[in-house]
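Q: my_file_9.cif is reproduced in full below (mmCIF, C-alpha atoms).
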data_work
loop_
_atom_site.label_atom_id
_atom_site.label_comp_id
_atom_site.auth_asym_id
_atom_site.auth_seq_id
_atom_site.Cartn_x
_atom_site.Cartn_y
_atom_site.Cartn_z
CA MET I 167 -15.47 -15.05 13.71
CA ALA I 168 -12.58 -14.47 11.46
CA ARG I 169 -12.93 -15.85 7.96
CA ALA I 170 -10.99 -15.68 4.76
CA LEU I 171 -11.70 -16.43 1.10
CA ILE I 172 -8.91 -17.55 -1.20
CA ASN I 173 -8.94 -18.23 -4.91
CA VAL I 174 -6.04 -20.35 -6.23
CA PRO I 175 -6.22 -22.54 -9.35
CA ALA I 176 -6.31 -26.22 -8.28
CA ALA I 177 -3.97 -27.24 -11.09
CA ALA I 178 -1.44 -25.47 -13.27
CA LYS I 179 1.28 -26.22 -15.78
CA ARG I 180 4.87 -26.00 -14.57
CA GLY I 181 6.12 -22.45 -15.06
CA GLU I 182 2.65 -21.01 -15.55
CA ILE I 183 2.02 -17.62 -13.93
CA ILE I 184 -1.09 -17.93 -11.78
CA GLU I 185 -3.21 -15.26 -10.14
CA ILE I 186 -4.05 -15.55 -6.46
CA LYS I 187 -6.90 -13.61 -4.88
CA ALA I 188 -7.33 -13.39 -1.13
CA LEU I 189 -9.93 -11.66 1.00
CA ALA I 190 -10.13 -11.58 4.79
CA GLN I 191 -13.20 -10.66 6.77
CA HIS I 192 -12.23 -7.66 8.90
CA ASN I 193 -13.67 -4.20 9.66
CA MET I 194 -10.31 -2.45 9.29
CA GLU I 195 -11.31 0.22 11.83
CA THR I 196 -9.21 3.22 10.87
CA GLY I 197 -8.77 4.92 14.23
CA TYR I 198 -10.00 8.20 12.68
CA ARG I 199 -13.73 7.62 13.12
CA ARG I 200 -15.70 8.98 16.08
CA THR I 201 -18.89 7.88 17.82
CA GLN I 202 -21.84 10.30 18.02
CA LEU I 203 -20.61 11.30 21.49
CA GLY I 204 -17.29 12.35 20.00
CA GLY I 205 -15.13 9.54 21.34
CA LEU I 206 -12.44 8.26 19.01
CA ILE I 207 -12.90 4.61 17.99
CA PRO I 208 -9.51 2.93 18.47
CA ARG I 209 -7.64 1.58 15.47
CA ASP I 210 -8.09 -2.13 14.75
CA ILE I 211 -6.63 -3.24 11.43
CA ILE I 212 -4.85 -6.15 9.75
CA ARG I 213 -1.25 -5.02 9.50
CA GLN I 214 0.38 -7.79 7.50
CA PHE I 215 -0.43 -10.44 4.91
CA VAL I 216 2.08 -13.12 3.94
CA CYS I 217 1.85 -15.83 1.28
CA THR I 218 4.30 -18.74 1.30
CA TYR I 219 4.70 -21.41 -1.38
CA ASN I 220 5.98 -24.68 0.12
CA GLY I 221 7.45 -22.70 3.00
CA VAL I 222 9.13 -20.01 0.88
CA GLU I 223 7.71 -16.50 1.10
CA VAL I 224 6.55 -15.34 -2.35
CA PHE I 225 4.46 -12.29 -1.46
CA ARG I 226 4.04 -10.00 1.53
CA ALA I 227 1.95 -6.88 2.11
CA GLU I 228 1.82 -4.31 4.88
CA PHE I 229 -1.48 -2.51 5.39
CA HIS I 230 -2.31 0.92 6.79
CA PRO I 231 -5.80 2.19 7.72
CA ALA I 232 -6.39 3.33 4.11
CA ILE I 233 -6.96 -0.28 3.04
CA ALA I 234 -10.72 -0.85 2.71
CA ALA I 235 -12.72 -3.08 5.04
CA ASN I 236 -12.46 -6.80 4.21
CA PRO I 237 -9.02 -6.33 2.62
CA PHE I 238 -8.79 -7.82 -0.85
CA ILE I 239 -5.47 -8.60 -2.49
CA ALA I 240 -4.74 -10.00 -5.94
CA PHE I 241 -1.22 -10.94 -7.00
CA TRP I 242 0.67 -13.41 -9.18
CA THR I 243 3.14 -16.22 -8.66
CA VAL I 244 4.91 -18.79 -10.82
CA ALA I 245 3.65 -22.37 -10.36
CA ILE I 246 6.96 -24.15 -9.85
CA GLU I 247 5.94 -27.40 -8.14
CA SER I 248 3.00 -29.17 -6.52
CA GLY I 249 2.47 -28.29 -2.91
CA THR I 250 0.81 -25.89 -0.54
CA LEU I 251 0.22 -22.18 -0.60
CA ALA I 252 -0.15 -20.86 2.94
CA PHE I 253 -1.68 -17.49 3.80
CA THR I 254 -1.33 -15.60 7.07
CA TRP I 255 -3.03 -12.39 8.13
CA THR I 256 -1.89 -10.72 11.34
CA GLY I 257 -3.06 -7.50 12.92
CA ASP I 258 -4.02 -5.42 15.93
CA ASN I 259 -5.44 -6.97 19.11
CA GLY I 260 -3.88 -10.36 18.41
CA TYR I 261 -5.70 -10.90 15.11
CA SER I 262 -4.24 -13.91 13.31
CA VAL I 263 -5.73 -16.09 10.58
CA ASN I 264 -4.05 -18.96 8.74
CA GLU I 265 -5.39 -20.60 5.59
CA SER I 266 -3.83 -22.89 3.03
CA LYS I 267 -4.63 -24.20 -0.44
CA SER I 268 -2.98 -27.04 -2.31
CA ILE I 269 -2.00 -26.85 -5.94
CA SER I 270 -0.98 -29.63 -8.29
CA VAL I 271 1.57 -28.68 -10.91
CA GLY I 272 2.15 -30.98 -13.86
CA MET V 26 15.59 46.85 22.92
CA ASN V 27 16.21 45.04 19.62
CA LYS V 28 14.06 42.23 20.91
CA PRO V 29 11.34 42.32 18.18
CA ASN V 30 14.02 42.28 15.54
CA SER V 31 15.86 39.29 16.96
CA ARG V 32 12.57 37.49 17.51
CA ARG V 33 11.65 38.04 13.90
CA ASN V 34 15.04 36.80 12.79
CA PHE V 35 14.63 33.76 14.95
CA LEU V 36 11.19 32.99 13.51
CA VAL V 37 12.42 33.38 9.96
CA ALA V 38 15.37 31.10 10.67
CA ALA V 39 13.17 28.55 12.44
CA GLY V 40 10.64 28.58 9.59
CA GLY V 41 13.36 28.02 7.05
CA LEU V 42 14.76 25.17 9.09
CA ALA V 43 11.36 23.50 9.44
CA ALA V 44 10.72 23.80 5.71
CA GLY V 45 14.13 22.32 5.06
CA ILE V 46 13.32 19.29 7.21
CA ALA V 47 9.85 18.73 5.81
CA LEU V 48 10.77 19.14 2.16
CA PRO V 49 14.22 17.86 1.32
CA ALA V 50 15.17 19.00 -2.16
CA THR V 51 15.52 15.44 -3.49
CA VAL V 52 11.92 14.38 -2.93
CA ALA V 53 10.36 17.80 -3.34
CA ALA V 54 11.89 17.97 -6.79
CA GLN V 55 10.61 14.47 -7.66
CA MET V 56 7.03 14.91 -6.50
CA PRO V 57 6.15 18.53 -7.19
CA GLY V 58 2.80 19.54 -5.81
CA ALA V 59 2.43 16.71 -3.30
CA PRO V 60 1.66 17.88 0.25
CA ALA V 61 4.43 17.89 2.87
CA ALA V 62 3.03 14.91 4.81
CA THR V 63 2.97 12.79 1.65
CA GLN V 64 6.49 13.85 0.70
CA GLU V 65 7.70 12.99 4.18
CA ALA V 66 6.08 9.53 4.04
CA ILE V 67 7.68 8.91 0.65
CA ARG V 68 11.05 10.03 1.93
CA ARG V 69 10.77 7.70 4.92
CA MET V 70 10.22 4.82 2.49
CA VAL V 71 12.78 5.58 -0.22
CA GLY V 72 15.40 7.55 1.71
CA THR V 73 17.35 9.99 -0.41
CA ALA V 74 17.20 7.90 -3.59
CA ARG V 75 16.15 9.51 -6.85
CA ILE V 76 12.60 8.72 -7.97
CA ASN V 77 12.17 8.39 -11.72
CA LYS V 78 8.89 8.89 -13.52
CA GLY V 79 7.51 5.97 -15.52
CA LYS V 80 7.34 2.16 -15.62
CA VAL V 81 4.48 2.20 -13.10
CA THR V 82 0.85 2.14 -14.25
CA LEU V 83 -1.80 2.86 -11.67
CA ASP V 84 -5.38 1.98 -12.56
CA LEU V 85 -7.94 3.92 -10.56
CA PRO V 86 -11.51 4.85 -11.54
CA ALA V 87 -11.73 8.51 -12.61
CA LEU V 88 -14.93 9.03 -10.62
CA VAL V 89 -15.66 7.22 -7.36
CA ASP V 90 -19.14 7.08 -5.81
CA ASN V 91 -17.99 5.73 -2.47
CA GLY V 92 -14.53 6.41 -1.09
CA ASN V 93 -14.79 3.52 1.36
CA ALA V 94 -13.80 0.91 -1.21
CA VAL V 95 -12.00 2.02 -4.35
CA SER V 96 -10.55 -0.66 -6.65
CA LEU V 97 -6.97 -0.02 -7.50
CA ALA V 98 -4.48 -1.95 -9.61
CA VAL V 99 -0.77 -1.36 -10.10
CA ARG V 100 1.29 -2.76 -12.98
CA VAL V 101 5.02 -2.33 -13.27
CA ASP V 102 6.98 -2.72 -16.47
CA SER V 103 9.57 -5.35 -15.49
CA PRO V 104 10.69 -8.70 -16.97
CA MET V 105 10.54 -10.29 -13.46
CA THR V 106 13.62 -12.48 -13.92
CA GLU V 107 16.16 -13.57 -11.28
CA SER V 108 18.41 -10.65 -12.17
CA GLU V 109 15.81 -7.96 -12.82
CA TYR V 110 12.62 -7.82 -10.81
CA VAL V 111 10.38 -5.59 -8.71
CA LYS V 112 11.20 -5.69 -5.01
CA ALA V 113 8.37 -3.60 -3.64
CA ILE V 114 5.43 -1.39 -4.54
CA HIS V 115 4.43 1.36 -2.10
CA LEU V 116 1.16 3.31 -2.26
CA PHE V 117 0.60 6.84 -0.95
CA THR V 118 -2.29 9.31 -0.96
CA GLU V 119 -2.26 13.09 -0.87
CA LYS V 120 -5.25 13.99 1.28
CA ASN V 121 -6.04 11.00 3.49
CA PRO V 122 -5.43 11.57 7.24
CA GLN V 123 -2.39 9.32 6.89
CA PRO V 124 -0.47 9.31 3.59
CA ASP V 125 0.67 5.65 3.74
CA VAL V 126 -1.73 3.14 2.18
CA ALA V 127 0.16 -0.13 1.82
CA SER V 128 3.42 -1.76 0.81
CA PHE V 129 3.66 -4.91 -1.30
CA HIS V 130 6.83 -7.01 -1.40
CA LEU V 131 7.36 -9.08 -4.52
CA GLY V 132 10.24 -11.07 -5.90
CA PRO V 133 11.33 -12.94 -9.03
CA ARG V 134 8.90 -15.73 -8.09
CA ALA V 135 5.95 -13.39 -8.67
CA GLY V 136 6.31 -13.84 -12.45
CA ARG V 137 4.26 -10.73 -13.12
CA ALA V 138 4.63 -7.36 -11.40
CA SER V 139 0.96 -6.66 -10.92
CA ILE V 140 -1.22 -6.30 -7.84
CA ALA V 141 -4.78 -5.25 -7.09
CA THR V 142 -6.53 -4.20 -3.90
CA ARG V 143 -9.26 -1.91 -2.56
CA ILE V 144 -8.47 1.31 -0.70
CA ARG V 145 -10.20 4.16 1.15
CA LEU V 146 -10.08 7.72 -0.14
CA ALA V 147 -11.05 10.64 2.09
CA ASP V 148 -11.19 13.21 -0.70
CA SER V 149 -10.72 13.79 -4.43
CA GLN V 150 -7.00 13.45 -4.82
CA ALA V 151 -4.02 11.80 -6.49
CA VAL V 152 -2.78 8.36 -5.48
CA ILE V 153 0.94 7.74 -5.93
CA ALA V 154 2.59 4.35 -6.50
CA ILE V 155 6.34 4.06 -6.01
CA CYS V 156 8.13 0.93 -7.13
CA GLU V 157 11.50 -0.30 -5.91
CA MET V 158 13.48 -2.35 -8.44
CA SER V 159 16.06 -5.05 -7.73
CA ASP V 160 18.84 -2.72 -8.96
CA GLY V 161 17.90 -0.17 -6.27
CA SER V 162 16.20 2.34 -8.57
CA PHE V 163 12.79 3.84 -7.79
CA TRP V 164 10.01 4.55 -10.28
CA SER V 165 6.71 6.29 -9.74
CA GLY V 166 3.27 6.59 -11.28
CA SER V 167 0.15 8.37 -10.12
CA ALA V 168 -3.54 8.69 -10.90
CA ASN V 169 -6.15 11.29 -10.02
CA THR V 170 -9.68 10.54 -8.96
CA VAL V 171 -12.80 12.45 -7.98
CA VAL V 172 -14.55 11.11 -4.85
CA THR V 173 -18.21 12.04 -4.28
CA LEU V 174 -18.71 10.28 -0.92
CA ALA V 175 -15.59 10.43 1.23
CA ALA V 176 -14.38 7.71 3.56
CA CYS V 177 -13.45 8.37 7.21
CA LEU V 178 -16.17 10.94 7.89
CA GLU V 179 -19.19 8.96 8.98
CA GLU V 180 -20.15 8.58 12.63
CA ILE V 181 -21.47 5.41 14.17
#
Have the structure of the file written as structure tokens, please.

A:
Amino acid sequence: MARALINVPAAAKRGEIIEIKALAQHNMETGYRRTQLGGLIPRDIIRQFVCTYNGVEVFRAEFHPAIAANPFIAFWTVAIESGTLAFTWTGDNGYSVNESKSISVG
Amino acid sequence: MNKPNSRRNFLVAAGGLAAGIALPATVAAQMPGAPAATQEAIRRMVGTARINKGKVTLDLPALVDNGNAVSLAVRVDSPMTESEYVKAIHLFTEKNPQPDVASFHLGPRAGRASIATRIRLADSQAVIAICEMSDGSFWSGSANTVVTLAACLEEI
């Protein structure tokens, strides 16, 4: 079951720079590990994370296997207007998770 | 009859050619000491552009107990205005099986050029952050860390 945790302030002043923290539940299997019988465990990672603010992309990240399990990302954005922050994680084997948070800007 | 000689010449020429491909002077001069695979990954990302030292601060613990999850933060010195902002931050390692770690794409709407994440480290090594500015210039910063328990080695 794919889950994600997101921390966005519920309210902010117009023009305030706010921090966003996002964490997705995922093993991030590197593709370099082996089983005890020597077989290579195939790679299975989240490859991309995108954050949009009222439909406009404000942050994007591309991941490689060196990102730790349960990838955590913290970044900043300017609170320009009330609306919705949408988060999308996509990855190997059809992995896709969408979450959104609303923010009121006054 | 001059076969060994020509073979040696060929090997010398081939070796020189391979070195020339793996370590173009532009990047090799920018990142002295970094392994060839890391330099190649950096070159793939920045092309032939010049990489300047500075503006990028990479926060990494000096000693890491567990290489499977190492907190890392990158700060770039930039006003983050419409005309002058950070376009992207790329992370590379020296001794992981794959030098690329992640790329982060920012814009003027970020407000602050700062990101944090958690990475895997397979060995004690340097992590390199390269930042691409809106004017097309590249800046780099790096940090060294000692890892006591490496990532990527355990069996399941």

Q: Please report as an MDAnalysis selection string which residues of chain V come no farther than 9 Å from chain I, using only C-alpha atoms.

A: chainID V and resid 93:95 98 118 121:147 177:181

Q: Which one is closest to I:Pro208: I:Gly260, I:Met194, I:Gly221, I:Pro175? Count all atoms listed in the file.

A: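 Of the candidates, the smallest distance to I:Pro208 is held by I:Met194.
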
Q: Apply the PyMOL selection byres ((chain V and resi 81) around 6) to the displayed file and report the matching residues as a ChimeraX atom specification.

A: /V:79-80,82,100-101,165-166

Q: What lies within 10 Å of V:Met70 using only C-alpha atoms, ignoring chain neighbours under 4 positions off, as a VMD selection string?

A: chain V and resid 64 to 66 74 115 125 128 155 157

Q: Export, as a compact mmCIF listing (two decimals), in the coordinates of the input, the selected residues with C-alpha atoms.

A:
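The result, written out as again-v4.txt:
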# COMPACT_ATOMS: atom_id res chain seq x y z
CA GLN V 64 6.49 13.85 0.70
CA GLU V 65 7.70 12.99 4.18
CA ALA V 66 6.08 9.53 4.04
CA ALA V 74 17.20 7.90 -3.59
CA HIS V 115 4.43 1.36 -2.10
CA ASP V 125 0.67 5.65 3.74
CA SER V 128 3.42 -1.76 0.81
CA ILE V 155 6.34 4.06 -6.01
CA GLU V 157 11.50 -0.30 -5.91

Q: State, in Å with one decimal place, the distance from atom CA of V:Asp102 to atom CA of V:Ser167.

A: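 For atom CA of V:Asp102 relative to atom CA of V:Ser167, the distance reads 14.5 Å.
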